[in-house]
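Undergrad: Data file work-v4.pdb (PDB, C-alpha atoms) is appended below.
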ATOM      1  CA  MET A  26     -28.913   9.097  21.681
ATOM      2  CA  TYR A  27     -27.753  11.452  18.951
ATOM      3  CA  ASP A  28     -29.073  11.155  15.413
ATOM      4  CA  PRO A  29     -26.157  10.232  13.056
ATOM      5  CA  THR A  30     -27.613  12.508  10.360
ATOM      6  CA  ARG A  31     -27.372  15.490  12.696
ATOM      7  CA  LEU A  32     -23.877  14.506  13.786
ATOM      8  CA  ALA A  33     -22.840  14.416  10.123
ATOM      9  CA  ALA A  34     -24.314  17.912   9.705
ATOM     10  CA  LEU A  35     -22.220  19.223  12.589
ATOM     11  CA  VAL A  36     -19.047  17.633  11.201
ATOM     12  CA  ALA A  37     -19.746  19.130   7.766
ATOM     13  CA  VAL A  38     -20.079  22.621   9.265
ATOM     14  CA  ALA A  39     -16.834  22.085  11.185
ATOM     15  CA  GLU A  40     -15.033  21.111   7.985
ATOM     16  CA  THR A  41     -16.512  23.762   5.683
ATOM     17  CA  GLY A  42     -16.969  26.653   8.127
ATOM     18  CA  SER A  43     -20.353  27.451   6.595
ATOM     19  CA  ILE A  44     -23.909  26.134   6.910
ATOM     20  CA  THR A  45     -24.506  26.915   3.240
ATOM     21  CA  ARG A  46     -21.427  24.977   2.059
ATOM     22  CA  ALA A  47     -22.171  22.137   4.462
ATOM     23  CA  ALA A  48     -25.728  21.911   3.151
ATOM     24  CA  ALA A  49     -24.515  21.756  -0.447
ATOM     25  CA  HIS A  50     -22.009  19.036   0.490
ATOM     26  CA  LEU A  51     -24.707  16.914   2.170
ATOM     27  CA  GLY A  52     -27.448  17.560  -0.387
ATOM     28  CA  TYR A  53     -29.673  19.658   1.898
ATOM     29  CA  THR A  54     -31.041  23.156   1.645
ATOM     30  CA  ALA A  55     -29.480  25.581   4.126
ATOM     31  CA  PRO A  56     -32.774  26.017   6.093
ATOM     32  CA  ALA A  57     -33.210  22.231   6.364
ATOM     33  CA  LEU A  58     -29.649  21.815   7.662
ATOM     34  CA  SER A  59     -30.180  24.637  10.148
ATOM     35  CA  GLN A  60     -33.198  22.785  11.513
ATOM     36  CA  GLN A  61     -31.147  19.618  11.975
ATOM     37  CA  LEU A  62     -28.467  21.574  13.816
ATOM     38  CA  ALA A  63     -31.042  23.252  16.038
ATOM     39  CA  LYS A  64     -32.443  19.833  16.991
ATOM     40  CA  LEU A  65     -28.925  18.604  17.753
ATOM     41  CA  GLU A  66     -28.342  21.575  20.032
ATOM     42  CA  ARG A  67     -31.527  20.743  21.920
ATOM     43  CA  GLU A  68     -30.390  17.110  22.255
ATOM     44  CA  ALA A  69     -26.976  18.244  23.502
ATOM     45  CA  GLY A  70     -28.361  20.926  25.787
ATOM     46  CA  ALA A  71     -25.658  23.317  24.644
ATOM     47  CA  THR A  72     -24.901  25.894  21.963
ATOM     48  CA  LEU A  73     -22.819  24.131  19.359
ATOM     49  CA  LEU A  74     -22.130  26.856  16.816
ATOM     50  CA  VAL A  75     -22.160  30.601  16.385
ATOM     51  CA  ARG A  76     -23.288  32.140  13.104
ATOM     52  CA  HIS A  77     -21.500  35.193  11.716
ATOM     53  CA  HIS A  78     -21.431  37.108   8.447
ATOM     54  CA  ARG A  79     -18.707  34.884   6.989
ATOM     55  CA  GLY A  80     -20.313  31.591   7.919
ATOM     56  CA  ALA A  81     -20.347  29.707  11.204
ATOM     57  CA  ARG A  82     -17.845  28.550  13.797
ATOM     58  CA  LEU A  83     -18.146  25.841  16.420
ATOM     59  CA  THR A  84     -18.194  26.625  20.114
ATOM     60  CA  ALA A  85     -16.063  24.654  22.544
ATOM     61  CA  ALA A  86     -19.021  22.312  23.059
ATOM     62  CA  GLY A  87     -19.432  22.016  19.293
ATOM     63  CA  GLU A  88     -15.761  21.154  18.796
ATOM     64  CA  LEU A  89     -15.946  18.499  21.496
ATOM     65  CA  LEU A  90     -19.050  16.875  20.008
ATOM     66  CA  ALA A  91     -17.732  17.113  16.443
ATOM     67  CA  GLY A  92     -14.549  15.288  17.430
ATOM     68  CA  ARG A  93     -16.550  12.468  18.980
ATOM     69  CA  ALA A  94     -18.971  12.477  16.058
ATOM     70  CA  ARG A  95     -16.197  11.850  13.543
ATOM     71  CA  ARG A  96     -15.188   8.676  15.359
ATOM     72  CA  VAL A  97     -18.793   7.520  15.695
ATOM     73  CA  LEU A  98     -19.493   8.103  12.001
ATOM     74  CA  ASP A  99     -16.293   6.291  10.996
ATOM     75  CA  GLU A 100     -17.281   3.304  13.129
ATOM     76  CA  LEU A 101     -20.793   3.257  11.649
ATOM     77  CA  ASP A 102     -19.350   3.390   8.131
ATOM     78  CA  GLN A 103     -17.002   0.505   8.923
ATOM     79  CA  ALA A 104     -19.899  -1.462  10.443
ATOM     80  CA  ARG A 105     -21.918  -1.020   7.249
ATOM     81  CA  HIS A 106     -19.052  -2.399   5.184
ATOM     82  CA  GLU A 107     -18.483  -5.349   7.496
ATOM     83  CA  LEU A 108     -22.184  -6.232   7.695
ATOM     84  CA  ALA A 109     -22.340  -6.283   3.916
ATOM     85  CA  GLN A 110     -19.323  -8.554   3.831
ATOM     86  CA  LEU A 111     -20.752 -10.895   6.446
ATOM     87  CA  ALA A 112     -23.818 -11.245   4.247
ATOM     88  CA  GLY A 113     -21.826 -13.277   1.714
ATOM     89  CA  LEU A 114     -19.517 -10.500   0.474
ATOM     90  CA  SER A 115     -22.436  -9.011  -1.433
ATOM     91  CA  GLY A 116     -21.164  -5.481  -0.916
ATOM     92  CA  GLY A 117     -18.617  -3.441   0.939
ATOM     93  CA  ARG A 118     -15.189  -2.315  -0.127
ATOM     94  CA  LEU A 119     -11.750  -3.913  -0.291
ATOM     95  CA  ARG A 120      -8.731  -1.591  -0.263
ATOM     96  CA  VAL A 121      -5.459  -3.132  -1.447
ATOM     97  CA  GLY A 122      -1.952  -1.703  -1.392
ATOM     98  CA  THR A 123       0.821  -2.919  -3.673
ATOM     99  CA  PHE A 124       4.239  -2.058  -5.067
ATOM    100  CA  THR A 125       4.952  -1.782  -8.780
ATOM    101  CA  THR A 126       6.286  -5.237  -9.672
ATOM    102  CA  ALA A 127       3.559  -7.098  -7.809
ATOM    103  CA  GLY A 128       0.903  -4.657  -8.973
ATOM    104  CA  VAL A 129       1.784  -5.156 -12.625
ATOM    105  CA  HIS A 130       2.688  -8.847 -12.802
ATOM    106  CA  LEU A 131       1.203 -10.691  -9.805
ATOM    107  CA  LEU A 132      -1.817  -8.959  -8.331
ATOM    108  CA  PRO A 133      -4.130  -8.576 -11.389
ATOM    109  CA  PRO A 134      -4.959 -12.295 -11.865
ATOM    110  CA  VAL A 135      -5.628 -12.671  -8.135
ATOM    111  CA  LEU A 136      -7.926  -9.642  -8.115
ATOM    112  CA  SER A 137      -9.614 -10.966 -11.251
ATOM    113  CA  ALA A 138     -10.421 -14.232  -9.468
ATOM    114  CA  PHE A 139     -11.750 -12.278  -6.487
ATOM    115  CA  ARG A 140     -13.940 -10.094  -8.729
ATOM    116  CA  ARG A 141     -15.418 -13.115 -10.514
ATOM    117  CA  ALA A 142     -16.422 -14.632  -7.164
ATOM    118  CA  HIS A 143     -17.557 -11.377  -5.528
ATOM    119  CA  PRO A 144     -18.573  -8.888  -8.225
ATOM    120  CA  ASP A 145     -20.404  -6.562  -5.816
ATOM    121  CA  VAL A 146     -17.383  -5.753  -3.648
ATOM    122  CA  GLU A 147     -15.843  -2.410  -4.547
ATOM    123  CA  LEU A 148     -12.094  -2.691  -5.195
ATOM    124  CA  ALA A 149      -9.569   0.086  -4.625
ATOM    125  CA  VAL A 150      -5.843  -0.348  -5.345
ATOM    126  CA  THR A 151      -3.159   2.090  -4.163
ATOM    127  CA  GLU A 152       0.562   1.931  -4.928
ATOM    128  CA  TYR A 153       3.017   2.184  -2.026
ATOM    129  CA  GLU A 154       6.772   1.924  -2.353
ATOM    130  CA  PRO A 155       7.917  -0.483   0.410
ATOM    131  CA  PRO A 156       7.861  -0.241   3.306
ATOM    132  CA  GLY A 157       4.988   2.225   2.846
ATOM    133  CA  GLY A 158       2.389  -0.542   2.604
ATOM    134  CA  ILE A 159       3.061  -1.596   6.202
ATOM    135  CA  ALA A 160       2.361   1.914   7.431
ATOM    136  CA  ALA A 161      -0.798   2.075   5.293
ATOM    137  CA  VAL A 162      -2.216  -1.118   6.842
ATOM    138  CA  THR A 163      -1.264   0.094  10.321
ATOM    139  CA  ALA A 164      -3.047   3.406   9.736
ATOM    140  CA  GLY A 165      -6.137   1.724   8.283
ATOM    141  CA  GLU A 166      -5.661   3.290   4.846
ATOM    142  CA  VAL A 167      -5.858  -0.148   3.206
ATOM    143  CA  ASP A 168      -7.116  -3.564   4.329
ATOM    144  CA  LEU A 169      -3.982  -5.412   3.218
ATOM    145  CA  ALA A 170      -0.883  -4.648   1.197
ATOM    146  CA  LEU A 171       1.896  -6.350  -0.713
ATOM    147  CA  THR A 172       5.412  -5.361   0.254
ATOM    148  CA  HIS A 173       8.966  -6.689  -0.029
ATOM    149  CA  THR A 174      12.215  -6.946   1.860
ATOM    150  CA  TYR A 175      15.737  -7.726   0.691
ATOM    151  CA  GLU A 176      18.582  -9.855   2.007
ATOM    152  CA  PRO A 177      21.177  -9.132   3.104
ATOM    153  CA  ALA A 178      19.459  -6.559   5.322
ATOM    154  CA  VAL A 179      18.109  -6.096   8.811
ATOM    155  CA  ALA A 180      14.311  -6.066   8.718
ATOM    156  CA  ASP A 181      12.390  -3.949  11.212
ATOM    157  CA  PRO A 182       9.719  -5.777  13.249
ATOM    158  CA  PRO A 183       6.128  -5.021  12.179
ATOM    159  CA  PRO A 184       3.979  -2.711  14.325
ATOM    160  CA  PRO A 185       1.696  -4.316  16.955
ATOM    161  CA  GLY A 186      -1.476  -5.782  15.493
ATOM    162  CA  VAL A 187      -0.007  -6.126  12.001
ATOM    163  CA  THR A 188       1.210  -9.384  10.432
ATOM    164  CA  VAL A 189       3.786  -9.524   7.630
ATOM    165  CA  GLU A 190       3.362 -12.945   5.990
ATOM    166  CA  PRO A 191       5.874 -14.113   3.340
ATOM    167  CA  LEU A 192       4.318 -15.312   0.096
ATOM    168  CA  LEU A 193       7.353 -16.084  -2.045
ATOM    169  CA  VAL A 194      11.125 -15.724  -2.030
ATOM    170  CA  GLU A 195      13.145 -15.070  -5.179
ATOM    171  CA  GLU A 196      16.863 -14.823  -5.798
ATOM    172  CA  LEU A 197      18.587 -11.669  -6.874
ATOM    173  CA  VAL A 198      20.462 -12.311 -10.108
ATOM    174  CA  LEU A 199      23.041 -10.495 -12.180
ATOM    175  CA  ALA A 200      21.539  -8.715 -15.194
ATOM    176  CA  THR A 201      23.842  -7.721 -18.050
ATOM    177  CA  ALA A 202      23.553  -6.617 -21.635
ATOM    178  CA  VAL A 203      23.212  -9.465 -24.106
ATOM    179  CA  GLY A 204      26.673 -10.772 -25.039
ATOM    180  CA  HIS A 205      28.378  -9.297 -21.968
ATOM    181  CA  ARG A 206      31.399 -11.314 -20.821
ATOM    182  CA  LEU A 207      29.976 -11.877 -17.326
ATOM    183  CA  SER A 208      26.925 -13.573 -18.815
ATOM    184  CA  GLU A 209      29.014 -16.357 -20.316
ATOM    185  CA  GLY A 210      28.890 -19.758 -18.643
ATOM    186  CA  SER A 211      26.064 -21.712 -17.079
ATOM    187  CA  GLY A 212      27.342 -21.869 -13.494
ATOM    188  CA  ARG A 213      26.918 -19.320 -10.749
ATOM    189  CA  LEU A 214      29.115 -16.257 -10.818
ATOM    190  CA  ALA A 215      31.009 -15.420  -7.648
ATOM    191  CA  VAL A 216      30.002 -12.021  -6.320
ATOM    192  CA  ALA A 217      33.717 -11.239  -5.992
ATOM    193  CA  GLU A 218      33.844 -11.240  -9.825
ATOM    194  CA  LEU A 219      31.900  -7.971  -9.733
ATOM    195  CA  ALA A 220      34.895  -6.173  -8.211
ATOM    196  CA  GLY A 221      35.819  -3.233 -10.403
ATOM    197  CA  ARG A 222      32.876  -3.821 -12.731
ATOM    198  CA  PRO A 223      30.635  -0.848 -13.589
ATOM    199  CA  LEU A 224      27.430  -1.288 -11.603
ATOM    200  CA  ILE A 225      24.010   0.306 -12.006
ATOM    201  CA  SER A 226      23.421   1.236  -8.371
ATOM    202  CA  SER A 227      19.695   0.778  -7.699
ATOM    203  CA  ALA A 228      18.307   3.521  -5.437
ATOM    204  CA  PRO A 229      21.103   3.291  -2.824
ATOM    205  CA  ALA A 230      19.120   5.451  -0.388
ATOM    206  CA  HIS A 231      16.025   3.240  -0.667
ATOM    207  CA  PRO A 232      15.626   1.522   2.758
ATOM    208  CA  PRO A 233      14.898  -2.033   1.532
ATOM    209  CA  ARG A 234      17.964  -2.084  -0.743
ATOM    210  CA  ARG A 235      20.615  -0.586   1.481
ATOM    211  CA  GLY A 236      21.824  -3.981   2.674
ATOM    212  CA  VAL A 237      22.266  -5.279  -0.882
ATOM    213  CA  GLU A 238      24.036  -2.100  -1.950
ATOM    214  CA  SER A 239      26.402  -2.360   1.032
ATOM    215  CA  ALA A 240      27.199  -6.014   0.293
ATOM    216  CA  LEU A 241      27.974  -5.206  -3.341
ATOM    217  CA  ALA A 242      30.219  -2.332  -2.269
ATOM    218  CA  GLU A 243      32.087  -4.673   0.096
ATOM    219  CA  ALA A 244      32.589  -7.048  -2.849
ATOM    220  CA  GLY A 245      34.237  -4.207  -4.755
ATOM    221  CA  ALA A 246      31.492  -3.465  -7.284
ATOM    222  CA  THR A 247      32.012   0.084  -8.532
ATOM    223  CA  PRO A 248      28.933   2.307  -9.057
ATOM    224  CA  ALA A 249      28.989   3.544 -12.634
ATOM    225  CA  VAL A 250      25.460   4.963 -12.679
ATOM    226  CA  VAL A 251      23.453   5.783  -9.581
ATOM    227  CA  CYS A 252      19.796   5.245 -10.401
ATOM    228  CA  GLU A 253      17.683   6.979  -7.762
ATOM    229  CA  SER A 254      14.391   5.552  -9.027
ATOM    230  CA  PRO A 255      13.061   2.641  -6.939
ATOM    231  CA  GLY A 256      11.480   1.252 -10.113
ATOM    232  CA  TYR A 257      13.433  -1.408 -11.976
ATOM    233  CA  ALA A 258      12.334  -0.562 -15.535
ATOM    234  CA  LEU A 259      14.898   2.220 -15.788
ATOM    235  CA  VAL A 260      17.635   0.054 -14.245
ATOM    236  CA  CYS A 261      17.002  -2.709 -16.792
ATOM    237  CA  ALA A 262      17.010  -0.229 -19.669
ATOM    238  CA  LEU A 263      20.376   1.173 -18.574
ATOM    239  CA  VAL A 264      21.807  -2.331 -18.262
ATOM    240  CA  SER A 265      20.463  -3.334 -21.683
ATOM    241  CA  ALA A 266      22.149  -0.261 -23.171
ATOM    242  CA  GLY A 267      25.516  -1.478 -21.857
ATOM    243  CA  LEU A 268      26.030   1.198 -19.198
ATOM    244  CA  GLY A 269      26.751  -1.350 -16.488
ATOM    245  CA  VAL A 270      25.467  -4.482 -14.791
ATOM    246  CA  ALA A 271      22.884  -4.706 -12.016
ATOM    247  CA  VAL A 272      21.703  -7.094  -9.330
ATOM    248  CA  VAL A 273      17.922  -7.365  -9.587
ATOM    249  CA  PRO A 274      15.150  -9.782  -8.554
ATOM    250  CA  GLU A 275      14.840 -12.766 -10.862
ATOM    251  CA  MET A 276      11.232 -11.885 -11.700
ATOM    252  CA  VAL A 277      12.247  -8.377 -12.745
ATOM    253  CA  ALA A 278      14.933  -9.703 -15.080
ATOM    254  CA  SER A 279      12.692 -12.339 -16.649
ATOM    255  CA  LEU A 280       9.880  -9.845 -17.301
ATOM    256  CA  SER A 281      12.057  -6.964 -18.508
ATOM    257  CA  SER A 282      10.806  -5.186 -21.614
ATOM    258  CA  THR A 283      14.418  -4.644 -22.757
ATOM    259  CA  PRO A 284      16.738  -7.539 -23.711
ATOM    260  CA  LEU A 285      18.969  -8.780 -20.902
ATOM    261  CA  ALA A 286      21.256 -11.680 -20.101
ATOM    262  CA  VAL A 287      20.895 -13.208 -16.643
ATOM    263  CA  ARG A 288      23.260 -15.181 -14.437
ATOM    264  CA  ARG A 289      22.835 -16.512 -10.910
ATOM    265  CA  LEU A 290      25.233 -15.429  -8.188
ATOM    266  CA  GLU A 291      27.315 -17.243  -5.585
ATOM    267  CA  PRO A 292      26.671 -17.114  -2.692
ATOM    268  CA  ALA A 293      22.929 -17.444  -3.272
ATOM    269  CA  ASP A 294      21.932 -15.423  -0.216
ATOM    270  CA  PHE A 295      20.944 -12.316  -2.156
ATOM    271  CA  ARG A 296      17.148 -12.558  -2.049
ATOM    272  CA  ARG A 297      13.895 -10.625  -2.163
ATOM    273  CA  THR A 298      10.897 -11.758  -0.137
ATOM    274  CA  ILE A 299       7.438 -10.643  -1.249
ATOM    275  CA  SER A 300       4.978 -10.560   1.655
ATOM    276  CA  VAL A 301       1.379  -9.639   2.356
ATOM    277  CA  VAL A 302       0.661  -7.284   5.238
ATOM    278  CA  HIS A 303      -2.662  -7.780   7.031
ATOM    279  CA  ARG A 304      -4.400  -7.438  10.381
ATOM    280  CA  GLY A 305      -4.554 -11.127  11.261
ATOM    281  CA  ASP A 306      -7.754 -12.107  13.074
ATOM    282  CA  ARG A 307      -9.027  -8.542  12.729
ATOM    283  CA  ALA A 308      -9.063  -8.695   8.923
ATOM    284  CA  THR A 309     -12.403  -8.090   7.238
ATOM    285  CA  ALA A 310     -14.141 -10.947   5.432
ATOM    286  CA  ALA A 311     -13.164  -9.505   2.051
ATOM    287  CA  ALA A 312      -9.525  -9.115   3.095
ATOM    288  CA  ALA A 313      -9.467 -12.672   4.467
ATOM    289  CA  THR A 314     -10.867 -13.978   1.179
ATOM    290  CA  LEU A 315      -8.261 -12.169  -0.902
ATOM    291  CA  LEU A 316      -5.554 -13.318   1.496
ATOM    292  CA  ALA A 317      -6.559 -16.949   0.853
ATOM    293  CA  LEU A 318      -6.344 -16.351  -2.900
ATOM    294  CA  LEU A 319      -2.904 -14.811  -2.533
ATOM    295  CA  ARG A 320      -1.668 -17.764  -0.510
ATOM    296  CA  SER A 321      -2.917 -20.290  -3.047
ATOM    297  CA  GLY A 322      -2.058 -18.455  -6.244
ATOM    298  CA  PHE A 323       1.027 -16.360  -5.689
ATOM    299  CA  GLY A 324       3.552 -19.155  -5.913
ATOM    300  CA  ARG A 325       2.182 -20.336  -9.242
ATOM    301  CA  ALA A 326       1.918 -16.790 -10.620
ATOM    302  CA  ALA A 327       5.487 -15.964  -9.645
ATOM    303  CA  ALA A 328       7.184 -19.101 -10.930
ATOM    304  CA  PRO A 329       9.958 -17.922 -13.275
TER     305      PRO A 329
END
Is it possible to give me this structure as structure tokens?
TA:
Amino acid sequence: MYDPTRLAALVAVAETGSITRAAAHLGYTAPALSQQLAKLEREAGATLLVRHHRGARLTAAGELLAGRARRVLDELDQARHELAQLAGLSGGRLRVGTFTTAGVHLLPPVLSAFRRAHPDVELAVTEYEPPGGIAAVTAGEVDLALTHTYEPAVADPPPPGVTVEPLLVEELVLATAVGHRLSEGSGRLAVAELAGRPLISSAPAHPPRRGVESALAEAGATPAVVCESPGYALVCALVSAGLGVAVVPEMVASLSSTPLAVRRLEPADFRRTISVVHRGDRATAAAATLLALLRSGFGRAAAP
């Protein structure tokens, strides 16, 4: 049975290449860390490192044990978080991924409700442009993530062990400058009416939007400005300035900081689905709690 403290000392030397730097990183004196490493060598029955004038390097046995030690220490750290969460979510950490629109307009009130109920859980939020959140959950970088897909498009199946659960579906609408001729009328506008119209092309190389861009091109919409940014704030500003029209999610249009006119399209099969990515039955208690809040509150928060 190896002492986790000594395993951490070996990993620190492997990462820093020096007993002195490893000691400073762990809060030890160099002699104290050397004693821990000597004890670990006796436990292992092998020489784990070789000291030299520039620092220290691991032997083959040291490299082997350090590789195993990293996994053991990661598992122990995860166990500490999960035990804290099982004890009534009185501690631990919840890592959340999101994309810009959801992170600005939808996620904050849900996280606020979570924080009020569980003030001792540490929250960390990271922004991922879809489909990056799926990869982040798969890799264990975050506990759950918000992502989106567009229609028309062909969605890739999620990786094994990962669930992509839809939370809400919103239409894509036509956004124009205020007073634009295409904004007149209360009925839906046929997509064919966009033929020959100057279009703000929204990140045509962005994977989630390729299907929408292709469908608009087939309808004859002519790109007037190609906007490479996946963020919609710039698209809406260009539309508001009269440089073209754009097809954007309804939520984006309604929350735009620049004045826009909005009209629904026909057919109504241009859509964006906002989903939460999680690990299903393997989700931590904190992630499962936030997931329940998302399910109950997202629809109300997103109502246009």
Undergrad: Show me, as a VMD selection string, the residues that have an atom within 10 Å of Ala149 of chain A when counting all atoms listed in the file, minus same-chain residues fewer than 2 positions from it.
TA: chain A and resid 118 to 122 146 to 147 151 167 to 168
Undergrad: If we count all atoms listed in the file, what is near Glu238 of chain A at a cut-off of 8 Å, once residues fewer than 5 positions away on the same chain are taken out, given as a list in words?
TA: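 Skipping anything fewer than 5 positions along the chain leaves Ser226, Ser227 and Pro229 of chain A.
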Undergrad: Could you work out how far atom CA of Leu263 of chain A lies from atom CA of His205 of chain A, giving the answer in Å with one decimal?
TA: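 Computing it gives 13.6 Å between the two atoms.
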Undergrad: Go through A:Ala311, A:Ala278, A:Val237, A:Leu319 and flag the residue nearest Asp145 of chain A, using all atoms listed in the file for the distances.
TA: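 Nearest candidate to Asp145 of chain A out of A:Ala311, A:Ala278, A:Val237, A:Leu319: A:Ala311.
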Undergrad: Once the PyMOL selection byres ((chain A and resi 266-276) around 10) is applied to the coordinates I shared, what remains selected? I want it as a PyMOL selection string.
TA: chain A and resi 126-127+130+175+194-205+207+219+222-227+237-238+241+246-250+257+260-265+277-281+283-290+295-298+327-329
Undergrad: Check what the PyMOL selection byres ((chain A and resi 156) around 12) selects in the file above and give those residues as a PyMOL selection string.
TA: chain A and resi 122-124+152-155+157-163+170-175+180-184+189+231-234+255+299-302
Undergrad: In Å, how far is it from atom CA of Val36 of chain A to atom CA of Ala85 of chain A?
TA: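 These two atoms are separated by 13.7 Å.
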Undergrad: To one decimal place, how far is atom CA of Glu176 of chain A from atom CA of Ser282 of chain A in Å?
TA: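 One can read the atom CA of Glu176 of chain A to atom CA of Ser282 of chain A distance as 25.3 Å.
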Undergrad: Restricting the calculation to all atoms listed in the file, which member of A:Ala258, A:Asp102, A:Arg76, A:Leu192 is positioned closest to Val129 of chain A?
TA: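 Of all the options, A:Ala258 lies closest to Val129 of chain A.
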Undergrad: Please identify all polymer residues lying at most 10 Å from the point (-26.8, 20.9, 19.2) (file coordinates), using all atoms listed in the file, and present the result as number ranges by chain.
TA: A: 27, 31-32, 35, 61-74, 86-87, 90
Undergrad: Do a neighbour search on Ala81 of chain A at 10 Å with only C-alpha atoms, toss out local chain neighbours closer than 2 positions, and write the hits as a list in words.
TA: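 That gives Val38, Ala39, Thr41, Gly42, Ser43, Ile44, Thr45, Leu74, Val75, Arg76, His77, His78, Arg79, Leu83 and Thr84 of chain A.
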Undergrad: Select, from A:Asp306, A:Pro144, A:Thr30, A:Gly80, the residue with the minimum atom-to-atom distance to Arg46 of chain A, counting all atoms listed in the file.
TA: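 Using all atoms listed in the file, the shortest distance to Arg46 of chain A belongs to A:Gly80.
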Undergrad: Find the residue from A:Leu58, A:Leu259, A:Arg213, A:Asp294 that sits nearest to Ala240 of chain A; use all atoms listed in the file when measuring.
TA: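 Ranked by minimum distance to Ala240 of chain A, first place goes to A:Asp294.
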Undergrad: For the structure shown, which residues end up in the PyMOL selection byres ((chain A and resi 187) around 6)? Put them as a PyMOL selection string, please?
TA: chain A and resi 184-186+188+303-304
Undergrad: Hey, could you patch up segment 35-40 of chain A with all heavy atoms and hand it over as a compact mmCIF listing (two decimals), in the coordinates of the input?
TA:
# COMPACT_ATOMS: atom_id res chain seq x y z
N LEU A 35 -23.15 18.45 11.77
CA LEU A 35 -22.22 19.22 12.59
C LEU A 35 -20.79 19.08 12.08
O LEU A 35 -20.04 20.06 12.00
CB LEU A 35 -22.31 18.76 14.04
CG LEU A 35 -21.41 19.50 15.03
CD1 LEU A 35 -21.83 20.96 15.16
CD2 LEU A 35 -21.43 18.81 16.40
N VAL A 36 -20.39 17.87 11.72
CA VAL A 36 -19.05 17.63 11.20
C VAL A 36 -18.84 18.40 9.89
O VAL A 36 -17.78 18.99 9.65
CB VAL A 36 -18.80 16.13 11.01
CG1 VAL A 36 -17.50 15.89 10.24
CG2 VAL A 36 -18.75 15.41 12.35
N ALA A 37 -19.86 18.42 9.04
CA ALA A 37 -19.75 19.13 7.77
C ALA A 37 -19.55 20.62 7.99
O ALA A 37 -18.76 21.28 7.28
CB ALA A 37 -20.99 18.87 6.91
N VAL A 38 -20.26 21.20 8.96
CA VAL A 38 -20.08 22.62 9.26
C VAL A 38 -18.67 22.86 9.80
O VAL A 38 -18.00 23.84 9.45
CB VAL A 38 -21.14 23.11 10.27
CG1 VAL A 38 -20.83 24.54 10.72
CG2 VAL A 38 -22.52 23.04 9.66
N ALA A 39 -18.18 21.95 10.64
CA ALA A 39 -16.83 22.08 11.18
C ALA A 39 -15.79 22.06 10.07
O ALA A 39 -14.80 22.79 10.12
CB ALA A 39 -16.56 20.97 12.19
N GLU A 40 -16.02 21.26 9.05
CA GLU A 40 -15.03 21.11 7.98
C GLU A 40 -15.13 22.21 6.93
O GLU A 40 -14.13 22.53 6.28
CB GLU A 40 -15.18 19.74 7.34
CG GLU A 40 -14.81 18.60 8.28
CD GLU A 40 -15.06 17.23 7.69
OE1 GLU A 40 -15.74 17.13 6.66
OE2 GLU A 40 -14.58 16.24 8.29
